[in-house]
Amino acid sequence: MNSKVKLKKLILKGFRGDRKGIWLNFEDDNKSIVLFGNNGDGKSSFSDAIEWFFTDKIDYLQREGCGRDDYFNIYMPPEDDATVRINFNDNLLDSQKTLKRKGGSLFSNTTSDFKDYIRESSKDSFILRHHTMREFIDKTKKEKLERVEEIIGFNIVKESREALLKALNSLKDDGQLISLRGQLTEKVRDLISTVGKKDFRENDVLDYADQLAKQSDSTLSIVNDCDFKSTIETLDRKIKTSDRGKKLLRLDELNESLPNLPEIRNILREMNNVLTHHNELAKQQETIKASAIEKLYKAAIEAIENKLVKSGECPICKKPVDTELLLKSLTDEIEEIKKILKERNQVIQNAKFLNSKVPSYQTNIGVLLENKVKIEFLTTETSKRLTDISTSLSQYEQILTRIQQSPGAISLPSFPEDLQNLEEDIKEIQQKITQKKKQLSETDEEKKFYQNVHKLKKMYDDYIRYKEINKDICIYDKQIDSLDKIYRDFESMERGSVQKVLETISSDVNDFFRFLHPDDNFDEVELIPTGERGIEFKLRYHGEEISPPMKILSEAHLNSLGICLFLASAKHFNKTTGFLILDDVVTSFDTGHRRPLSRLMSEKFSYTQFLLFTHDELWFEILKKDLPSGKWLFKELMKWTKDKGLDIKDSPITLKERIKNSLDENDIQGATNKCRILIEEILKVKCENLGIRGLEFKIGSKNDQREASELISALTSYLKDNETLRDKQSKKLFDHLRASQLITNMGSHHKTLETTSLSRGDIETVLRDIDEFESLFVCTNCNTEPNIKYSPRNSQMKQCECGELWI
Amino acid sequence: MEGVKSGKELCDNFFKSLLEKEGIDLQVAGLLERLYSNGNFTKEKILQGLRFLRQDSENEQ
């Protein structure tokens, strides 16, 4: 913990609210600091300077459209650069960063240690501002998960998972694999047709081959792949011994390449249909492109359904909108996108399947277009027709490949006109082959022999090709299965780790939240994974499970949850930064929860250096009492002026000292306000000491605004009940304090009214009234006040330490 | 952070133990482990590596 980097001194010059140079000195032991300043006095200049120093930007200003030009103090000479210097507990990291007028910025420290430190610290989250404290809570479930993954440095996990998934999907969709599957289907179909069985089994092929082999030569036998191969070789040798045999075999091979050619007409027609379907979809290519923002639509629906945005407001552009109508329109849009994408996917699959058939047709056409065959069997027209068909097949194949890449419309290639004559051509070729075979005058026995041998050879070729293709597909499948398992294992490892992180954060968020709200019946605050990839807060309120928290939590509680999450993640994930900046984050906290926050900082973050900025005087006073002065500094910002810019002074520890300082500076308004706070503080202490519990509890901020007059009334009624301090002098002092409370209340709440402005004399009188009132409660003997802690149990009145004064 | 590993630690451990996992092709596991260690763990590199492995297997047949 102690090795983390802390601040020793922060010096600004010409940056944001500062003009002439100002610094915050955290002293040698890197003390924490509470900086009080009214709104507009420039507190945020310090947090802005630190944010810019580390990240080169000021995020909330950037989101408001402000750029680097707005970081310069507007009253500075236009040629001057602005600087922010930070000295750290490790002086090797000390550096000044210059914001250059001409553009860019420059660190004075150029060591690799410093560069490493800046790079590492950029991963830490150490600034919480009032307007960003609920940022996380208001995010969608998916954004919450992404933010947590970012905080805990899971980017590498996310990137690795995405690379694995993309590779897996691409492999499943690999064009060569789809082509192989198409070819395998063809070969299986051919083998089934040859064997004459309904289903495909390798043994059926071998059995049938065995039958044919025996018919050709009774000594032959096929029981396995090796037998099949040697049988084919034996028969081949037998045929090649005669010239007639060779010729007959060649004619049979030629005949074999003919039957599937008429199918080309259907294939080309199907290809044409796919392209027409593609062009229909291309008219809706805007919808296909919109699929890129489908996630945005889903997030918008989720934000509306979880009431993360105001009703009647667009969650994206924030413009007024009919929420119901928007919800319906977004849902319809997503449905439309899904429908179109499904159709396009079908088109792509069909295109891949048809393309996988093209090579075998091209091979068969190629056989017929060989010179020798062409001269012997083809007319000029048939030859031209087959050449045209081959060209058309190539064109369609190319276009079908192209549409898989782009959803845009394409022009259809011209459809071959004279496909009608193809069947006639084939018949003509077959007749010529039959004629040629007759000329070779086969006997019936020879005829049967050659037919069997030819059938066996064709079967063997199909069978071997089937085996090769199957082997290639197996290699693919093995890789797909492995990648799929690795992906699932990786995802499960990631889920488990995120779960562990969530449990760790949740445990602290729950501890901190209950620390801040001990009496509010909240329990089991957790961050939990949701169905899809996302996370959400869940908690129990009076035993009932609530998620998301905005269903039940007030603004103040949600802000409190924001602080708890910030502190919990800082505790676990800030690796290098040993300081945290809380910039005006307690404004929306009710008073009851401010003291627990100061205790939370002291007790649970004793090693952390805090920079706490506030414009709330009352809380500033509380902090001065609650936080150990040895570890904390208390500073006040003077009123910002054009000439001086920012100005800081040490804050006196007591409020009375601060009132006197205000009077010395002729700040009557400031003194009046502090007097009001002082009276409230004194009355609260008196009521607390005497154990006065008659005050009605008020929820939330109303409890903060409890008027001092209520405290006086409660105190008066206690004294009346106990018949104490009822003498004339005491009553007079009570009346004086009541009057002082009234005029300071008027003076501080109605500061714009001339008639209510007070004078120095008024304030001095108020201070006298306060002193005299306080003296009523102090024992002249032991100098202590009557207090519940010195008094017997259940005693109506309370005594001082020595027992001489009873009130 | 006690008890919870960083993203890098998790990935390091996962890919290191890949070769010991059951039901995974050793060549694929080795390829992924190598690509990760060399900082080349992208979809393109994975697919390229798998293609080379398939070619090697075909040549061996």
# chains A, B, ... in the order shown; residues from 1 in each chain; ligands from 1

$ interface_residues --of "chain B" --to "chain A" --cutoff "7 Å" --atoms "only C-alpha atoms" --output "VMD selection string"
chain B and resid 1 4 6 to 8 11 24 to 25 28 41 to 43 46 to 47 54

$ write_last_selection --atoms "N, CA and C atoms" --output "mmCIF file, in the first residue's frame"
data_model
loop_
_atom_site.group_PDB
_atom_site.id
_atom_site.type_symbol
_atom_site.label_atom_id
_atom_site.label_comp_id
_atom_site.auth_asym_id
_atom_site.auth_seq_id
_atom_site.Cartn_x
_atom_site.Cartn_y
_atom_site.Cartn_z
ATOM 1 N N MET B 1 -3.896 -7.379 -6.679
ATOM 2 C CA MET B 1 -5.104 -7.594 -5.910
ATOM 3 C C MET B 1 -5.139 -9.043 -5.429
ATOM 4 N N VAL B 4 -7.462 -12.289 -6.846
ATOM 5 C CA VAL B 4 -8.006 -12.078 -8.190
ATOM 6 C C VAL B 4 -6.861 -11.765 -9.140
ATOM 7 N N SER B 6 -4.944 -10.672 -12.704
ATOM 8 C CA SER B 6 -5.150 -9.671 -13.750
ATOM 9 C C SER B 6 -5.486 -10.391 -15.055
ATOM 10 N N GLY B 7 -5.996 -9.619 -16.030
ATOM 11 C CA GLY B 7 -6.348 -10.193 -17.325
ATOM 12 C C GLY B 7 -5.166 -10.888 -17.967
ATOM 13 N N LYS B 8 -3.980 -10.274 -17.853
ATOM 14 C CA LYS B 8 -2.794 -10.852 -18.486
ATOM 15 C C LYS B 8 -2.400 -12.174 -17.807
ATOM 16 N N CYS B 11 -4.751 -14.917 -18.969
ATOM 17 C CA CYS B 11 -4.459 -15.387 -20.329
ATOM 18 C C CYS B 11 -3.162 -16.186 -20.347
ATOM 19 N N ILE B 24 -8.290 -31.790 -26.950
ATOM 20 C CA ILE B 24 -7.868 -30.715 -27.858
ATOM 21 C C ILE B 24 -6.691 -31.210 -28.696
ATOM 22 N N ASP B 25 -6.775 -30.960 -29.999
ATOM 23 C CA ASP B 25 -5.687 -31.350 -30.890
ATOM 24 C C ASP B 25 -4.394 -30.642 -30.461
ATOM 25 N N VAL B 28 -3.158 -27.781 -32.698
ATOM 26 C CA VAL B 28 -3.948 -26.545 -32.560
ATOM 27 C C VAL B 28 -3.579 -25.844 -31.255
ATOM 28 N N PHE B 41 -1.819 -12.942 -31.398
ATOM 29 C CA PHE B 41 -3.091 -13.655 -31.244
ATOM 30 C C PHE B 41 -4.224 -12.877 -31.909
ATOM 31 N N THR B 42 -4.284 -12.991 -33.243
ATOM 32 C CA THR B 42 -5.371 -12.333 -33.978
ATOM 33 C C THR B 42 -6.096 -13.391 -34.802
ATOM 34 N N LYS B 43 -7.298 -13.036 -35.233
ATOM 35 C CA LYS B 43 -8.103 -13.964 -36.034
ATOM 36 C C LYS B 43 -7.317 -14.395 -37.278
ATOM 37 N N ILE B 46 -4.442 -16.753 -36.526
ATOM 38 C CA ILE B 46 -4.928 -18.079 -36.126
ATOM 39 C C ILE B 46 -5.349 -18.861 -37.378
ATOM 40 N N LEU B 47 -6.115 -18.195 -38.256
ATOM 41 C CA LEU B 47 -6.594 -18.885 -39.465
ATOM 42 C C LEU B 47 -5.432 -19.289 -40.374
ATOM 43 N N ARG B 54 -3.210 -27.670 -41.784
ATOM 44 C CA ARG B 54 -3.988 -28.559 -42.662
ATOM 45 C C ARG B 54 -3.133 -29.008 -43.857
#

$ residues_around --residues "Asp762 in chain A" --least-positions-apart "5" --cutoff "12 Å" --atoms "only C-alpha atoms" --output "PyMOL selection string"
chain A and resi 663+668-669+671-672+675+739-741+743-744+747+756-757+767-769

$ write_last_selection --atoms "N, CA and C atoms" --output "compact mmCIF listing (two decimals), in the first residue's frame"
# COMPACT_ATOMS: atom_id res chain seq x y z
N LEU A 663 -14.41 38.76 9.60
CA LEU A 663 -14.63 40.17 9.99
C LEU A 663 -13.40 41.00 9.65
N ILE A 668 -18.59 40.43 5.68
CA ILE A 668 -19.71 40.35 6.64
C ILE A 668 -20.62 39.18 6.28
N GLN A 669 -20.82 39.04 4.97
CA GLN A 669 -21.69 37.94 4.51
C GLN A 669 -21.16 36.58 4.96
N ALA A 671 -19.08 36.01 7.42
CA ALA A 671 -19.14 35.91 8.88
C ALA A 671 -20.56 35.55 9.32
N THR A 672 -21.57 36.17 8.68
CA THR A 672 -22.97 35.89 9.04
C THR A 672 -23.28 34.41 8.83
N CYS A 675 -21.72 32.32 11.43
CA CYS A 675 -22.42 32.45 12.72
C CYS A 675 -23.64 31.53 12.75
N ALA A 739 -32.76 35.40 18.95
CA ALA A 739 -32.71 36.56 18.05
C ALA A 739 -31.51 36.48 17.12
N SER A 740 -30.35 36.08 17.69
CA SER A 740 -29.14 35.97 16.87
C SER A 740 -29.31 34.93 15.78
N GLN A 741 -29.97 33.83 16.19
CA GLN A 741 -30.21 32.76 15.20
C GLN A 741 -31.06 33.29 14.06
N ILE A 743 -31.52 36.49 13.04
CA ILE A 743 -30.91 37.47 12.13
C ILE A 743 -29.80 36.85 11.27
N THR A 744 -29.06 35.88 11.82
CA THR A 744 -28.01 35.25 10.98
C THR A 744 -28.65 34.37 9.91
N GLY A 747 -29.86 36.81 7.39
CA GLY A 747 -28.70 37.40 6.70
C GLY A 747 -28.02 36.45 5.74
N THR A 756 -31.76 43.20 4.71
CA THR A 756 -31.35 42.21 5.70
C THR A 756 -29.83 42.15 5.90
N SER A 757 -29.07 43.00 5.19
CA SER A 757 -27.62 42.93 5.36
C SER A 757 -27.22 43.41 6.75
N LEU A 767 -21.77 37.15 18.39
CA LEU A 767 -20.69 36.37 19.01
C LEU A 767 -20.76 36.46 20.53
N ARG A 768 -21.08 37.67 21.02
CA ARG A 768 -21.20 37.84 22.48
C ARG A 768 -22.36 36.98 23.01
N ASP A 769 -23.51 37.04 22.29
CA ASP A 769 -24.68 36.25 22.69
C ASP A 769 -24.34 34.76 22.75

$ atom_distance --atom1 "CA of Phe36 in chain A" --atom2 "CA of Phe613 in chain A"
6.0 Å

$ atom_distance --atom1 "CA of Tyr607 in chain A" --atom2 "CA of Asp508 in chain A"
16.5 Å

$ atom_distance --atom1 "CA of Leu440 in chain A" --atom2 "CA of Leu456 in chain A"
21.3 Å

$ select_by_dssp --residues "range 148-258 of chain A" --states "alpha helix (DSSP H)" --output "CSV table (one decimal) with N, CA and C atoms, in the first residue's frame"
chain,number,residue,atom,x,y,z
A,148,VAL,N,-16.3,-2.6,-16.0
A,148,VAL,CA,-15.6,-3.4,-15.0
A,148,VAL,C,-14.4,-4.1,-15.6
A,149,GLU,N,-14.6,-4.6,-16.8
A,149,GLU,CA,-13.5,-5.3,-17.5
A,149,GLU,C,-12.3,-4.4,-17.8
A,150,GLU,N,-12.7,-3.1,-18.1
A,150,GLU,CA,-11.7,-2.1,-18.4
A,150,GLU,C,-10.9,-1.8,-17.1
A,151,ILE,N,-11.7,-1.6,-16.0
A,151,ILE,CA,-11.1,-1.2,-14.7
A,151,ILE,C,-10.1,-2.3,-14.3
A,155,ASN,N,-9.0,-6.1,-20.8
A,155,ASN,CA,-9.0,-5.9,-22.3
A,155,ASN,C,-8.4,-7.0,-23.0
A,156,ILE,N,-7.3,-7.5,-22.5
A,156,ILE,CA,-6.5,-8.6,-23.2
A,156,ILE,C,-7.4,-9.8,-23.2
A,157,VAL,N,-8.2,-10.1,-22.2
A,157,VAL,CA,-9.0,-11.3,-22.1
A,157,VAL,C,-10.1,-11.1,-23.2
A,158,LYS,N,-10.7,-9.9,-23.2
A,158,LYS,CA,-11.8,-9.7,-24.2
A,158,LYS,C,-11.3,-9.8,-25.6
A,159,GLU,N,-10.1,-9.2,-25.9
A,159,GLU,CA,-9.5,-9.3,-27.2
A,159,GLU,C,-9.2,-10.7,-27.6
A,160,SER,N,-8.6,-11.5,-26.7
A,160,SER,CA,-8.3,-12.9,-27.0
A,160,SER,C,-9.6,-13.7,-27.3
A,161,ARG,N,-10.6,-13.5,-26.5
A,161,ARG,CA,-11.9,-14.2,-26.7
A,161,ARG,C,-12.5,-13.9,-28.0
A,162,GLU,N,-12.4,-12.6,-28.4
A,162,GLU,CA,-13.0,-12.2,-29.6
A,162,GLU,C,-12.2,-12.8,-30.8
A,163,ALA,N,-10.9,-12.8,-30.7
A,163,ALA,CA,-10.1,-13.4,-31.8
A,163,ALA,C,-10.4,-14.9,-31.9
A,164,LEU,N,-10.6,-15.6,-30.8
A,164,LEU,CA,-10.9,-17.0,-30.9
A,164,LEU,C,-12.2,-17.2,-31.5
A,165,LEU,N,-13.2,-16.4,-31.1
A,165,LEU,CA,-14.6,-16.6,-31.7
A,165,LEU,C,-14.6,-16.3,-33.2
A,166,LYS,N,-14.0,-15.2,-33.5
A,166,LYS,CA,-13.9,-14.9,-35.0
A,166,LYS,C,-13.3,-15.9,-35.8
A,167,ALA,N,-12.1,-16.5,-35.3
A,167,ALA,CA,-11.4,-17.5,-36.0
A,167,ALA,C,-12.3,-18.8,-36.1
A,168,LEU,N,-13.0,-19.1,-35.0
A,168,LEU,CA,-13.9,-20.3,-35.0
A,168,LEU,C,-15.0,-20.1,-36.1
A,169,ASN,N,-15.6,-19.0,-36.1
A,169,ASN,CA,-16.7,-18.8,-37.0
A,169,ASN,C,-16.2,-18.8,-38.4
A,170,SER,N,-15.1,-18.1,-38.7
A,170,SER,CA,-14.5,-18.1,-40.0
A,170,SER,C,-14.2,-19.5,-40.5
A,171,LEU,N,-13.7,-20.3,-39.6
A,171,LEU,CA,-13.3,-21.7,-40.0
A,171,LEU,C,-14.5,-22.5,-40.3
A,172,LYS,N,-15.6,-22.4,-39.5
A,172,LYS,CA,-16.8,-23.1,-39.8
A,172,LYS,C,-17.4,-22.7,-41.2
A,175,GLY,N,-14.8,-21.3,-47.2
A,175,GLY,CA,-15.3,-21.6,-48.5
A,175,GLY,C,-14.8,-23.0,-48.9
A,176,GLN,N,-13.5,-23.3,-48.7
A,176,GLN,CA,-13.0,-24.6,-49.1
A,176,GLN,C,-13.7,-25.8,-48.4
A,177,LEU,N,-14.0,-25.5,-47.1
A,177,LEU,CA,-14.7,-26.6,-46.4
A,177,LEU,C,-16.1,-26.8,-46.9
A,178,ILE,N,-16.8,-25.7,-47.3
A,178,ILE,CA,-18.2,-25.8,-47.8
A,178,ILE,C,-18.1,-26.5,-49.2
A,179,SER,N,-17.1,-26.2,-50.0
A,179,SER,CA,-16.9,-26.8,-51.3
A,179,SER,C,-16.6,-28.3,-51.1
A,180,LEU,N,-15.8,-28.7,-50.1
A,180,LEU,CA,-15.5,-30.1,-49.8
A,180,LEU,C,-16.8,-30.8,-49.4
A,181,ARG,N,-17.6,-30.2,-48.6
A,181,ARG,CA,-18.8,-30.9,-48.1
A,181,ARG,C,-19.7,-31.1,-49.4
A,182,GLY,N,-19.8,-30.1,-50.3
A,182,GLY,CA,-20.6,-30.2,-51.5
A,182,GLY,C,-20.1,-31.4,-52.3
A,183,GLN,N,-18.7,-31.5,-52.5
A,183,GLN,CA,-18.2,-32.5,-53.3
A,183,GLN,C,-18.4,-33.9,-52.7
A,184,LEU,N,-18.4,-33.9,-51.3
A,184,LEU,CA,-18.6,-35.2,-50.7
A,184,LEU,C,-20.0,-35.7,-50.9
A,185,THR,N,-21.0,-34.8,-50.8
A,185,THR,CA,-22.4,-35.1,-51.1
A,185,THR,C,-22.5,-35.7,-52.5
A,186,GLU,N,-21.8,-35.1,-53.5
A,186,GLU,CA,-21.9,-35.5,-54.9
A,186,GLU,C,-21.4,-37.0,-55.0
A,187,LYS,N,-20.2,-37.2,-54.3
A,187,LYS,CA,-19.6,-38.5,-54.4
A,187,LYS,C,-20.5,-39.6,-53.8
A,188,VAL,N,-21.0,-39.2,-52.6
A,188,VAL,CA,-21.9,-40.2,-51.9
A,188,VAL,C,-23.1,-40.5,-52.8
A,189,ARG,N,-23.6,-39.5,-53.4
A,189,ARG,CA,-24.8,-39.6,-54.3
A,189,ARG,C,-24.5,-40.6,-55.4
A,190,ASP,N,-23.3,-40.4,-56.1
A,190,ASP,CA,-22.9,-41.2,-57.2
A,190,ASP,C,-22.7,-42.7,-56.7
A,191,LEU,N,-22.0,-42.8,-55.6
A,191,LEU,CA,-21.8,-44.2,-55.1
A,191,LEU,C,-23.1,-44.9,-54.7
A,192,ILE,N,-24.0,-44.2,-54.1
A,192,ILE,CA,-25.3,-44.8,-53.7
A,192,ILE,C,-26.0,-45.2,-55.0
A,193,SER,N,-26.0,-44.3,-56.0
A,193,SER,CA,-26.6,-44.6,-57.3
A,193,SER,C,-26.0,-45.9,-58.0
A,194,THR,N,-24.7,-46.0,-57.9
A,194,THR,CA,-24.0,-47.2,-58.5
A,194,THR,C,-24.4,-48.5,-57.7
A,195,VAL,N,-24.3,-48.4,-56.4
A,195,VAL,CA,-24.5,-49.6,-55.6
A,195,VAL,C,-26.0,-50.0,-55.6
A,202,GLU,N,-19.8,-47.6,-46.4
A,202,GLU,CA,-18.6,-48.0,-47.2
A,202,GLU,C,-18.6,-49.5,-47.5
A,203,ASN,N,-19.1,-50.3,-46.6
A,203,ASN,CA,-19.0,-51.8,-46.8
A,203,ASN,C,-19.9,-52.2,-48.0
A,204,ASP,N,-21.0,-51.4,-48.2
A,204,ASP,CA,-21.9,-51.8,-49.3
A,204,ASP,C,-21.1,-51.6,-50.6
A,205,VAL,N,-20.3,-50.5,-50.7
A,205,VAL,CA,-19.5,-50.2,-51.8
A,205,VAL,C,-18.5,-51.4,-52.1
A,206,LEU,N,-17.8,-51.8,-51.0
A,206,LEU,CA,-16.8,-52.9,-51.2
A,206,LEU,C,-17.5,-54.2,-51.6
A,207,ASP,N,-18.7,-54.5,-51.0
A,207,ASP,CA,-19.4,-55.7,-51.3
A,207,ASP,C,-19.8,-55.7,-52.8
A,208,TYR,N,-20.4,-54.6,-53.2
A,208,TYR,CA,-20.8,-54.5,-54.6
A,208,TYR,C,-19.6,-54.6,-55.6
A,209,ALA,N,-18.5,-53.9,-55.2
A,209,ALA,CA,-17.3,-54.0,-56.0
A,209,ALA,C,-16.8,-55.5,-56.1
A,210,ASP,N,-16.9,-56.2,-55.0
A,210,ASP,CA,-16.5,-57.6,-55.0
A,210,ASP,C,-17.3,-58.4,-56.0
A,211,GLN,N,-18.7,-58.2,-56.0
A,211,GLN,CA,-19.6,-58.9,-56.9
A,211,GLN,C,-19.1,-58.6,-58.4
A,212,LEU,N,-18.9,-57.3,-58.7
A,212,LEU,CA,-18.5,-57.0,-60.1
A,212,LEU,C,-17.2,-57.6,-60.4
A,213,ALA,N,-16.2,-57.6,-59.5
A,213,ALA,CA,-14.9,-58.2,-59.8
A,213,ALA,C,-15.0,-59.6,-60.1
A,214,LYS,N,-15.8,-60.3,-59.3
A,214,LYS,CA,-15.9,-61.8,-59.5
A,214,LYS,C,-16.6,-62.1,-60.8
A,215,GLN,N,-17.5,-61.2,-61.3
A,215,GLN,CA,-18.2,-61.4,-62.6
A,215,GLN,C,-17.1,-61.3,-63.7
A,216,SER,N,-16.1,-60.4,-63.5
A,216,SER,CA,-15.1,-60.2,-64.5
A,216,SER,C,-14.0,-61.3,-64.4
A,225,ASP,N,-9.9,-51.9,-48.9
A,225,ASP,CA,-9.4,-50.8,-49.8
A,225,ASP,C,-8.3,-51.3,-50.6
A,226,CYS,N,-7.4,-52.1,-50.0
A,226,CYS,CA,-6.2,-52.6,-50.7
A,226,CYS,C,-6.6,-53.6,-51.8
A,227,ASP,N,-7.5,-54.5,-51.5
A,227,ASP,CA,-8.0,-55.4,-52.5
A,227,ASP,C,-8.6,-54.7,-53.7
A,228,PHE,N,-9.3,-53.6,-53.4
A,228,PHE,CA,-10.0,-52.8,-54.4
A,228,PHE,C,-9.0,-52.3,-55.4
A,229,LYS,N,-7.9,-51.7,-54.8
A,229,LYS,CA,-6.8,-51.1,-55.6
A,229,LYS,C,-6.2,-52.1,-56.5
A,230,SER,N,-5.8,-53.3,-55.9
A,230,SER,CA,-5.0,-54.3,-56.6
A,230,SER,C,-5.9,-54.9,-57.7
A,231,THR,N,-7.2,-55.1,-57.4
A,231,THR,CA,-8.2,-55.6,-58.4
A,231,THR,C,-8.2,-54.7,-59.6
A,232,ILE,N,-8.3,-53.4,-59.4
A,232,ILE,CA,-8.4,-52.4,-60.5
A,232,ILE,C,-7.1,-52.5,-61.3
A,233,GLU,N,-6.0,-52.6,-60.6
A,233,GLU,CA,-4.7,-52.7,-61.3
A,233,GLU,C,-4.6,-54.0,-62.2
A,234,THR,N,-5.1,-55.1,-61.7
A,234,THR,CA,-5.1,-56.4,-62.4
A,234,THR,C,-6.0,-56.3,-63.6
A,235,LEU,N,-7.2,-55.7,-63.5
A,235,LEU,CA,-8.1,-55.6,-64.6
A,235,LEU,C,-7.6,-54.7,-65.7
A,236,ASP,N,-7.0,-53.6,-65.2
A,236,ASP,CA,-6.4,-52.6,-66.1
A,236,ASP,C,-5.4,-53.2,-67.0
A,237,ARG,N,-4.5,-54.0,-66.3
A,237,ARG,CA,-3.4,-54.6,-67.1
A,237,ARG,C,-4.0,-55.6,-68.1
A,238,LYS,N,-5.1,-56.3,-67.7
A,238,LYS,CA,-5.7,-57.3,-68.6
A,238,LYS,C,-6.3,-56.6,-69.8
A,239,ILE,N,-6.9,-55.4,-69.6
A,239,ILE,CA,-7.5,-54.7,-70.8
A,239,ILE,C,-6.5,-54.1,-71.7
A,240,LYS,N,-5.4,-53.6,-71.1
A,240,LYS,CA,-4.4,-52.9,-71.9
A,240,LYS,C,-3.6,-53.8,-72.7
A,243,ASP,N,-5.5,-53.6,-78.0
A,243,ASP,CA,-5.7,-52.2,-78.4
A,243,ASP,C,-7.2,-52.0,-78.4
A,244,ARG,N,-8.0,-53.0,-78.7
A,244,ARG,CA,-9.5,-52.9,-78.7
A,244,ARG,C,-10.0,-52.6,-77.3
A,245,GLY,N,-9.4,-53.2,-76.4
A,245,GLY,CA,-9.8,-53.0,-75.0
A,245,GLY,C,-9.6,-51.6,-74.6
A,246,LYS,N,-8.4,-51.0,-74.9
A,246,LYS,CA,-8.0,-49.6,-74.6
A,246,LYS,C,-9.1,-48.7,-75.2
A,247,LYS,N,-9.4,-48.9,-76.5
A,247,LYS,CA,-10.4,-48.1,-77.1
A,247,LYS,C,-11.7,-48.1,-76.5
A,248,LEU,N,-12.2,-49.4,-76.2
A,248,LEU,CA,-13.5,-49.5,-75.5
A,248,LEU,C,-13.5,-48.8,-74.2
A,249,LEU,N,-12.4,-48.9,-73.4
A,249,LEU,CA,-12.4,-48.3,-72.1
A,249,LEU,C,-12.5,-46.8,-72.2
A,250,ARG,N,-11.8,-46.3,-73.2
A,250,ARG,CA,-11.8,-44.8,-73.4
A,250,ARG,C,-13.2,-44.3,-73.8
A,251,LEU,N,-13.9,-45.1,-74.6
A,251,LEU,CA,-15.3,-44.8,-75.0
A,251,LEU,C,-16.2,-44.8,-73.8
A,252,ASP,N,-16.0,-45.8,-72.9
A,252,ASP,CA,-16.8,-45.9,-71.7
A,252,ASP,C,-16.6,-44.7,-70.8
A,253,GLU,N,-15.3,-44.3,-70.7
A,253,GLU,CA,-15.0,-43.1,-69.8
A,253,GLU,C,-15.6,-41.9,-70.3
A,254,LEU,N,-15.6,-41.7,-71.7
A,254,LEU,CA,-16.2,-40.6,-72.3
A,254,LEU,C,-17.7,-40.5,-72.1
A,255,ASN,N,-18.3,-41.7,-72.2
A,255,ASN,CA,-19.7,-41.8,-72.0
A,255,ASN,C,-20.1,-41.5,-70.5
A,256,GLU,N,-19.2,-41.8,-69.6
A,256,GLU,CA,-19.5,-41.5,-68.2
A,256,GLU,C,-19.5,-40.0,-67.9

$ closest_residue --among "A:Met746, A:Ile659, A:Leu261, A:Cys474" --to "Glu58 in chain B" --atoms "only C-alpha atoms"
A:Cys474

$ residues_around --residues "Lys328 in chain A" --least-positions-apart "3" --cutoff "12 Å" --atoms "only C-alpha atoms" --output "JSON, numbers by chain"
{"A": [297, 298, 300, 301, 304, 305, 322, 323, 324, 325, 331, 332, 333, 334, 335]}

$ write_last_selection --atoms "N, CA and C atoms" --output "compact mmCIF listing (two decimals), in the first residue's frame"
# COMPACT_ATOMS: atom_id res chain seq x y z
N TYR A 297 -29.45 -0.09 -30.93
CA TYR A 297 -30.91 -0.16 -30.77
C TYR A 297 -31.27 -0.99 -29.53
N LYS A 298 -30.57 -2.14 -29.38
CA LYS A 298 -30.86 -3.01 -28.24
C LYS A 298 -30.58 -2.29 -26.92
N ALA A 300 -30.64 0.89 -26.43
CA ALA A 300 -31.66 1.92 -26.23
C ALA A 300 -32.92 1.30 -25.62
N ILE A 301 -33.31 0.11 -26.14
CA ILE A 301 -34.50 -0.57 -25.60
C ILE A 301 -34.27 -0.91 -24.13
N ILE A 304 -34.57 2.10 -21.94
CA ILE A 304 -35.97 2.53 -21.74
C ILE A 304 -36.66 1.56 -20.78
N GLU A 305 -36.49 0.24 -21.04
CA GLU A 305 -37.20 -0.75 -20.22
C GLU A 305 -36.75 -0.73 -18.76
N ASP A 322 -41.94 10.31 -28.17
CA ASP A 322 -42.98 9.46 -27.59
C ASP A 322 -42.32 8.11 -27.28
N THR A 323 -42.09 7.82 -25.99
CA THR A 323 -41.31 6.64 -25.59
C THR A 323 -41.92 5.35 -26.13
N GLU A 324 -43.26 5.21 -26.00
CA GLU A 324 -43.93 3.99 -26.46
C GLU A 324 -43.69 3.77 -27.95
N LEU A 325 -43.83 4.89 -28.69
CA LEU A 325 -43.67 4.84 -30.15
C LEU A 325 -42.22 4.46 -30.50
N THR A 331 -38.05 -1.89 -31.76
CA THR A 331 -38.29 -3.34 -31.79
C THR A 331 -38.54 -3.79 -33.23
N ASP A 332 -39.38 -3.03 -33.95
CA ASP A 332 -39.67 -3.38 -35.35
C ASP A 332 -38.39 -3.36 -36.18
N GLU A 333 -37.58 -2.34 -35.93
CA GLU A 333 -36.33 -2.17 -36.69
C GLU A 333 -35.41 -3.38 -36.48
N ILE A 334 -35.30 -3.82 -35.22
CA ILE A 334 -34.43 -4.97 -34.92
C ILE A 334 -34.97 -6.23 -35.59
N GLU A 335 -36.30 -6.40 -35.55
CA GLU A 335 -36.93 -7.57 -36.19
C GLU A 335 -36.61 -7.58 -37.69

$ residues_around --residues "Tyr541 in chain A" --least-positions-apart "3" --cutoff "10 Å" --atoms "only C-alpha atoms" --output "PyMOL selection string"
chain A and resi 520-525+538+544-546+549+552-553
